[in-house]
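A.B. asks: My questions will all concern the structure given below.
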Number of protein chains: 4
Amino acid sequence: MTGQRVVDLNADLGESYGAWRLGDDEALLAIVTSANVACGFHAGDPLTIRRTCASAVARAVTIGAQVSYHDLAGFGRREMTVPPDELAAELLYQIAALDGVARAEGGRVGYVKPHGALYNRAARDPEQAGAVVAAVRAYDATLPVLTLPGSATARAAAEAGLPVVTEAFADRAYNDDGSLVRRGQPGAVLTDPAVVATRAIGMVTGSSVRTVSGRELNISPQSVCVHGDTPGAVTLASAIRSALERSGVTLAPFA
Amino acid sequence: MTGQRVVDLNADLGESYGAWRLGDDEALLAIVTSANVACGFHAGDPLTIRRTCASAVARAVTIGAQVSYHDLAGFGRREMTVPPDELAAELLYQIAALDGVARAEGGRVGYVKPHGALYNRAARDPEQAGAVVAAVRAYDATLPVLTLPGSATARAAAEAGLPVVTEAFADRAYNDDGSLVRRGQPGAVLTDPAVVATRAIGMVTGSSVRTVSGRELNISPQSVCVHGDTPGAVTLASAIRSALERSGVTLAPFA
Amino acid sequence: MTGQRVVDLNADLGESYGAWRLGDDEALLAIVTSANVACGFHAGDPLTIRRTCASAVARAVTIGAQVSYHDLAGFGRREMTVPPDELAAELLYQIAALDGVARAEGGRVGYVKPHGALYNRAARDPEQAGAVVAAVRAYDATLPVLTLPGSATARAAAEAGLPVVTEAFADRAYNDDGSLVRRGQPGAVLTDPAVVATRAIGMVTGSSVRTVSGRELNISPQSVCVHGDTPGAVTLASAIRSALERSGVTLAPFA
Amino acid sequence: MTGQRVVDLNADLGESYGAWRLGDDEALLAIVTSANVACGFHAGDPLTIRRTCASAVARAVTIGAQVSYHDLAGFGRREMTVPPDELAAELLYQIAALDGVARAEGGRVGYVKPHGALYNRAARDPEQAGAVVAAVRAYDATLPVLTLPGSATARAAAEAGLPVVTEAFADRAYNDDGSLVRRGQPGAVLTDPAVVATRAIGMVTGSSVRTVSGRELNISPQSVCVHGDTPGAVTLASAIRSALERSGVTLAPFA
């Protein structure tokens with residue numbers, strides 16, 4: 001076997017806001033090894049954040065700062081052209097807030113992952129990628145950035161000397177260049193747990209994934225992202241975890 | 001001389017928000033020894049916060065977390081009945097955010113001061129005072145709380161073992177019980193720099209202030225609060241500082 | 001039969017916000033005759049509001065403006081001390097926004113009902129009740145205010161010449177003075193559909209309700225409020241509607 | 001004289017927010033004929049909006065809805081990729097809110113002008129231009145849209161049958177294609193009142209403006225935009241108005 005024997009599983013958590021509940025955080029915390037916790041700018045009121053941190057600490061799940069554009073109404077899914085110094089300050093603020101709350105609960109922020117539209121924009125926009133990296137460095141230059149392999153974010157982080165951790169998406173279709181097929185395209189999102197689980201095994205133990213054109217794309221993800229806010233999310237995440245464990249892969253946080 | 005030889009001067013800072021500017025932060029940072037920096041819930045966008053922290057660090061001014069209700073539209077001046085666990089989490093989040101940003105600029109949060117309506121409500125409401133204290137303790141049980149002498153906040157902090165620092169207001173009229181005459185009442189706010197400066201000297205070196213009824217009230221403030229967002233604020237703050245220094249009082253941060 | 005033959009059923013609707021869903025609006029719109037639509041200050045993003053208005057118009061359900069404090073994080077459930085001119089302007093803005101969106105969908109705002117903490121505060125605070133009434137009058141002095149019988153809101157509206165519509169809560173326990181037993185007290189909220197339905201029939205056809213002390217309290221509600229955001233809400237609302245219809249009561253909007 | 005004898009002067013107003021003041025609304029209302037009033041999404045709390053409407057009505061200044069992205073922290077200056085149905089609903093909500101408040105003060109919304117980043121994005125992006133037009137049509141298909149000549153916004157409005165009103169900027173440098181030289185480029189913004197006033201006269205009475213390359217560009221603006229939130233703004237606006245009047249041009253609202 002040429003692939004990995006250890007991989008991380010990450011999911012978005014703490015994305016409720018006040019009276020509005022989203023996702024089954026407790027169920028997911030029993031499955032994943034890393035929790036991308038919302039920091040209040042796209043989701044995550046302070047009490048939700050605090051409770052999510054406490055649960056993550058109790059389950060030895062690593063806490064990551066899921067930083068976002070300032071856009072509650074759009075859940076951080078609307079791309080924004082934010083000047084780099086403003087963006088860096090907004091992200092620094094979020095990392096700091098989450099880390100301090102996590103520390104009050106006995107944990108700490110172990111990595112940073114941009115959310116939603118910021119994740120996608122920074123992946124192709126060196127200016128915004130630079131702002132992400134500047135924020136992380138300003139806070140703690142040893143914090144890893146979790147992102148897409150080959151992205152502008154990964155390049156900027158590596159150039160700045162930050163640890164880079166790359167992830168794969170077992171439930172998403174890939175283009176030949178390693179980018180994800182856009183949501184909304186036919187077949188972009190896979191929902192059959194058996195298919196997704198098999199795909200996850202291939203990604204981790206086989207270090208490759210079949211693209212939409214049928215090519216084998218080499219990847220070697222240090223983390224597999226599972227989605228938490230869709231119907232059947234917990235079932236899918238659970239299927240991925242079980243399949244990986246049955247294949248002899250150990251699930252463990254990267255940080 | 002029975003009074004103090006050393007006192008702190010504190011003012012509210014970092015209260016701009018995006019395109020909106022408020023107060024002359026640079027001028028005030030040259031006068032005060034402690035800066036109550038807004039944390040984003042009533043004022044203070046992340047870039048403003050970051051720049052204010054950088055300036056405070058450059059001038060060796062101590063940074064305090066000016067925590068508030070979540071109310072940008074009301075500038076934190078509208079009293080809110082927030083459940084204690086929610087309020088504590090909101091305050092913890094703010095302290096954490098500011099401290100992390102301050103650390104990125106080479107400083108740190110040295111104390112906590114509630115802002116506006118929260119300051120007034122917590123001063124008389126043990127439940128909200130308890131939430132303030134719970135937030136500070138959860139973050140760092142060595143952080144002082146800056147508040148009004150005799151307030152519920154001071155009592156709750158002392159009971160919880162937090163350092164308590166009390167302040168006086170040189171430009172506000174006092175009732176006989178040590179509370180401030182409400183804004184809006186005639187004579188509640190003093191604006192003549194000479195009068196205010198003389199009053200500050202009496203508070204610090206004489207350990208007393210004349211109340212509206214003409215009584216002498218004993219006080220021994222460790223800090224004098226100057227206001228930054230009113231016309232003439234910088235002139236007034238400067239007059240207070242000069243008068244205290246001419247009276248042989250040393251201005252120094254308490255934290 | 002001494003009671004009424006016609007009554008309105010109202011429920012809170014349009015309380016989703018962006019990615020966060022709350023309540024089953026479509027199911028409730030098939031049951032109620034009046035929809036208290038959130039106006040964006042405690043819930044209700046513009047697209048949700050627009051769709052809710054379109055559905056209400058399609059089903060001939062009357063649209064009411066469910067106006068609130070400006071508090072998304074607290075879902076309008078945290079009491080706020082807002083100066084009357086500020087509060088009146090905030091409420092006027094909300095009524096106007098909802099009415100314009102409703103008109104774009106072929107409907108209009110037919111009444112105003114304060115939400116959550118504002119409902120409770122205005123019911124006992126003449127100043128805030130006055131602000132509610134001032135906002136409604138400024139917009140349209142023929143719009144009814146939907147509120148609790150005997151409340152400060154009802155008095156202020158009546159004095160100002162606004163139509164007052166009173167409501168009853170079939171799933172809440174009553175004190176002898178007509179106020180509701182506070183949530184959190186044992187027995188404050190009733191959940192058995194049969195009990196609640198029987199209670200609704202008594203309120204409407206018998207013009208009375210049994211209080212917690214066992215007394216019969218005279219009431220003659222023009223509307224019965226059903227809750228939409230609790231588990232089993234749709235079942236309960238449906239049970240109330242069916243029971244009233246079986247008792248010969250016609251369900252119809254008051255406006 | 002080949003040019004116009006009548007022109008409108010418009011400026012952004014009502015852009016304060018809570019405790020934060022911006023611009024000298026009263027001074028500008030004495031100069032302009034049309035007020036682009038902020039609607040609460042980038043600026044403009046409800047009380048500010050209400051007072052601005054009352055002042056505009058008292059001075060017979062036409063009220064326009066200055067609609068924006070939902071971005072208080074960025075003052076609507078950060079471009080956002082908002083799905084068209086979401087954007088249209090957000091703009092409809094804003095137009096409705098402002099119109100209702102204006103009506104309560106005896107006025108009404110007479111036109112719509114996108115603000116800041118939305119103005120610029122819609123000017124070149126048919127999808128967002130379409131959302132602007134859809135919102136205006138849904139509210140009132142007789143409302144003019146105030147925009148840049150030749151923009152995607154102007155085209156979409158014309159195609160939809162909405163009245164289009166075009167504006168010129170006396171204090172901005174023009175490219176040969178009629179677009180504005182970007183802020184930040186040298187010479188992009190003119191500040192000498194004499195130069196700006198002369199330029200305004202040329203635009204209105206001469207129907208042309210000299211571009212940065214020295215060419216004469218034909219324009220025939222129905223409105224001239226003056227800026228209100230920069231130092232010297234009132235002086236500049238006043239200079240433009242006086243110069244136009246001395247040249248025999250009548251200032252009057254277009255709506």
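Ordering of the structure tokens sets the chain letters (A, B, ...), residue numbers begin anew at 1 in every chain, and ligands are numbered from 1 in the order given.
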Residues at most 6 Å from region 160-177 of chain C, counting only C-alpha atoms, excluding those fewer than 2 positions away in the same chain, as an MDAnalysis selection string?
C.D. replies: chainID C and resid 144:149 157:158 179:181 188:190 196 199:200 211:212 221:225
A.B. asks: Using only C-alpha atoms, I'd like every residue of chain B that has an atom within 10 Å of chain C; please write them out as a list in words.
C.D. replies: His70, Asp71, Leu72, Ala73, Gly74, Arg77, Arg78, Glu79, Met80, Thr81, Val82, Pro83, Glu86 and Ala117 of chain B
A.B. asks: May I have the residues within 12 Å of Phe75 (chain B) as an MDAnalysis selection string, using only C-alpha atoms and disregarding those fewer than 5 positions away in the same chain?
C.D. replies: (chainID B and resid 15:17 22 38:44 67:70 115:118) or (chainID C and resid 82) or (chainID D and resid 17:20 45)
A.B. asks: Using only C-alpha atoms for the distances, tell me which of A:Pro84, A:Gly106, A:Gly14, A:Pro193 is nearest to Val57 (chain A).
C.D. replies: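 Among the listed residues, the smallest separation from Val57 (chain A) belongs to A:Gly106.
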A.B. asks: Taking the backbone alone, and naming residues the way the document does, which bits of region 170-236 of chain A are helix (DSSP H, G or I) by DSSP, as a list of chain:residue names?
C.D. replies: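 Assigned to helix (DSSP H, G or I), within region 170-236 of chain A: A:Pro193, A:Ala194, A:Val195, A:Val196, A:Ala197, A:Thr198, A:Arg199, A:Ala200, A:Ile201, A:Gly202, A:Met203, A:Val204, A:Thr205, A:Ala233, A:Val234, A:Thr235, A:Leu236.
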A.B. asks: Take the residues from that selection and write them out as a short mmCIF file (atom, residue, chain, number, x, y, z; two decimals), in the first residue's frame, keeping all heavy atoms.
C.D. replies:
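What follows is the written file selection_31.cif:
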data_model
loop_
_atom_site.label_atom_id
_atom_site.label_comp_id
_atom_site.auth_asym_id
_atom_site.auth_seq_id
_atom_site.Cartn_x
_atom_site.Cartn_y
_atom_site.Cartn_z
N PRO A 193 -23.78 7.00 0.31
CA PRO A 193 -22.74 6.73 1.32
C PRO A 193 -21.72 5.69 0.87
O PRO A 193 -20.52 5.84 1.14
CB PRO A 193 -23.54 6.25 2.53
CG PRO A 193 -24.89 6.84 2.37
CD PRO A 193 -25.14 6.89 0.88
N ALA A 194 -22.17 4.65 0.16
CA ALA A 194 -21.23 3.60 -0.26
C ALA A 194 -20.22 4.17 -1.26
O ALA A 194 -19.01 3.90 -1.18
CB ALA A 194 -22.00 2.43 -0.88
N VAL A 195 -20.72 4.96 -2.21
CA VAL A 195 -19.84 5.57 -3.22
C VAL A 195 -18.84 6.52 -2.55
O VAL A 195 -17.64 6.49 -2.82
CB VAL A 195 -20.68 6.32 -4.28
CG1 VAL A 195 -19.77 7.16 -5.19
CG2 VAL A 195 -21.51 5.34 -5.09
N VAL A 196 -19.37 7.34 -1.68
CA VAL A 196 -18.53 8.34 -1.02
C VAL A 196 -17.48 7.67 -0.15
O VAL A 196 -16.31 8.07 -0.13
CB VAL A 196 -19.41 9.32 -0.21
CG1 VAL A 196 -18.54 10.24 0.64
CG2 VAL A 196 -20.30 10.14 -1.15
N ALA A 197 -17.87 6.61 0.54
CA ALA A 197 -16.93 5.91 1.41
C ALA A 197 -15.82 5.27 0.60
O ALA A 197 -14.63 5.35 0.97
CB ALA A 197 -17.68 4.86 2.24
N THR A 198 -16.18 4.64 -0.50
CA THR A 198 -15.18 4.01 -1.36
C THR A 198 -14.21 5.05 -1.89
O THR A 198 -13.00 4.84 -1.98
CB THR A 198 -15.89 3.31 -2.55
OG1 THR A 198 -16.82 2.36 -2.02
CG2 THR A 198 -14.90 2.63 -3.47
N ARG A 199 -14.77 6.18 -2.27
CA ARG A 199 -13.97 7.28 -2.78
C ARG A 199 -12.97 7.79 -1.72
O ARG A 199 -11.81 8.06 -2.02
CB ARG A 199 -14.94 8.42 -3.15
CG ARG A 199 -14.53 9.23 -4.31
CD ARG A 199 -15.75 10.01 -4.79
NE ARG A 199 -15.33 11.21 -5.44
CZ ARG A 199 -14.99 11.29 -6.72
NH1 ARG A 199 -15.03 10.22 -7.49
NH2 ARG A 199 -14.58 12.43 -7.23
N ALA A 200 -13.45 7.88 -0.50
CA ALA A 200 -12.58 8.33 0.60
C ALA A 200 -11.43 7.36 0.79
O ALA A 200 -10.27 7.77 0.97
CB ALA A 200 -13.38 8.46 1.89
N ILE A 201 -11.72 6.06 0.72
CA ILE A 201 -10.66 5.06 0.87
C ILE A 201 -9.62 5.22 -0.24
O ILE A 201 -8.40 5.21 0.01
CB ILE A 201 -11.26 3.62 0.84
CG1 ILE A 201 -12.16 3.43 2.05
CG2 ILE A 201 -10.15 2.57 0.79
CD1 ILE A 201 -12.99 2.15 1.99
N GLY A 202 -10.11 5.43 -1.47
CA GLY A 202 -9.19 5.61 -2.60
C GLY A 202 -8.32 6.84 -2.43
O GLY A 202 -7.11 6.81 -2.72
N MET A 203 -8.91 7.89 -1.96
CA MET A 203 -8.15 9.13 -1.76
C MET A 203 -7.03 8.94 -0.75
O MET A 203 -5.91 9.43 -0.94
CB MET A 203 -9.08 10.23 -1.24
CG MET A 203 -10.05 10.77 -2.29
SD MET A 203 -11.30 11.83 -1.51
CE MET A 203 -11.78 12.85 -2.93
N VAL A 204 -7.34 8.23 0.33
CA VAL A 204 -6.38 8.13 1.42
C VAL A 204 -5.39 7.00 1.20
O VAL A 204 -4.17 7.21 1.26
CB VAL A 204 -7.11 7.95 2.76
CG1 VAL A 204 -6.13 7.78 3.91
CG2 VAL A 204 -8.02 9.16 3.01
N THR A 205 -5.90 5.79 0.92
CA THR A 205 -4.98 4.65 0.81
C THR A 205 -4.41 4.53 -0.59
O THR A 205 -3.33 3.97 -0.78
CB THR A 205 -5.67 3.32 1.19
OG1 THR A 205 -6.66 3.03 0.21
CG2 THR A 205 -6.33 3.41 2.56
N ALA A 233 -26.00 14.21 6.51
CA ALA A 233 -24.58 14.53 6.70
C ALA A 233 -23.94 13.61 7.72
O ALA A 233 -22.82 13.12 7.52
CB ALA A 233 -24.42 15.98 7.12
N VAL A 234 -24.64 13.38 8.81
CA VAL A 234 -24.04 12.56 9.87
C VAL A 234 -23.87 11.12 9.40
O VAL A 234 -22.83 10.48 9.66
CB VAL A 234 -24.91 12.64 11.15
CG1 VAL A 234 -24.42 11.67 12.20
CG2 VAL A 234 -24.90 14.08 11.69
N THR A 235 -24.85 10.62 8.68
CA THR A 235 -24.75 9.26 8.13
C THR A 235 -23.55 9.14 7.20
O THR A 235 -22.78 8.18 7.25
CB THR A 235 -26.05 8.94 7.33
OG1 THR A 235 -27.16 9.12 8.20
CG2 THR A 235 -26.01 7.52 6.79
N LEU A 236 -23.39 10.16 6.34
CA LEU A 236 -22.29 10.14 5.38
C LEU A 236 -20.94 10.21 6.09
O LEU A 236 -20.02 9.45 5.77
CB LEU A 236 -22.45 11.35 4.44
CG LEU A 236 -21.86 11.24 3.04
CD1 LEU A 236 -22.49 10.08 2.27
CD2 LEU A 236 -22.09 12.54 2.27
#
A.B. asks: Please report, as a list in words, each residue of region 5-156 of chain B to which DSSP assigns strand (DSSP E) when run on this structure's backbone.
C.D. replies: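 Listing strand (DSSP E) positions across region 5-156 of chain B yields Val6, Val7, Asp8, Leu9, Asn10, Ala11, Asp12, Leu13, Ser34, Ala35, Asn36, Val37, Ala38, Thr62, Ile63, Gly64, Ala65, Gln66, Val67, Val109, Gly110, Tyr111, Val112, Lys113, Pro114, Val145, Leu146 and Thr147 of chain B.
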A.B. asks: Which residues are close to region 128-132 of chain A, i.e. within 9 Å by only C-alpha atoms, leaving aside same-chain residues fewer than 2 positions away? Reply as a ChimeraX atom specification.
C.D. replies: /A:67,81-89,91-92,114,118-119,121-126,134-137,145,151-157
A.B. asks: Could you work out how far CA of Asp12 (chain B) lies from CA of Leu244 (chain B), giving the answer in Å with one decimal?
C.D. replies: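 Atom-to-atom, CA of Leu244 (chain B) to CA of Asp12 (chain B), that is 19.7 Å.
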A.B. asks: For a test of reading the model, state the distance in Å between CA of Ala60 (chain D) and CA of Thr33 (chain D), rounded to one decimal.
C.D. replies: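 CA of Thr33 (chain D) lies at a distance of 7.8 Å from CA of Ala60 (chain D).
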A.B. asks: Give the answer as one residue: which of D:Leu98, D:Leu28, D:Gly178, D:Val7 has the shortest atom-to-atom distance to Thr48 (chain D), using only C-alpha atoms?
C.D. replies: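 The shortest atom-to-atom distance to Thr48 (chain D) comes from D:Leu98.
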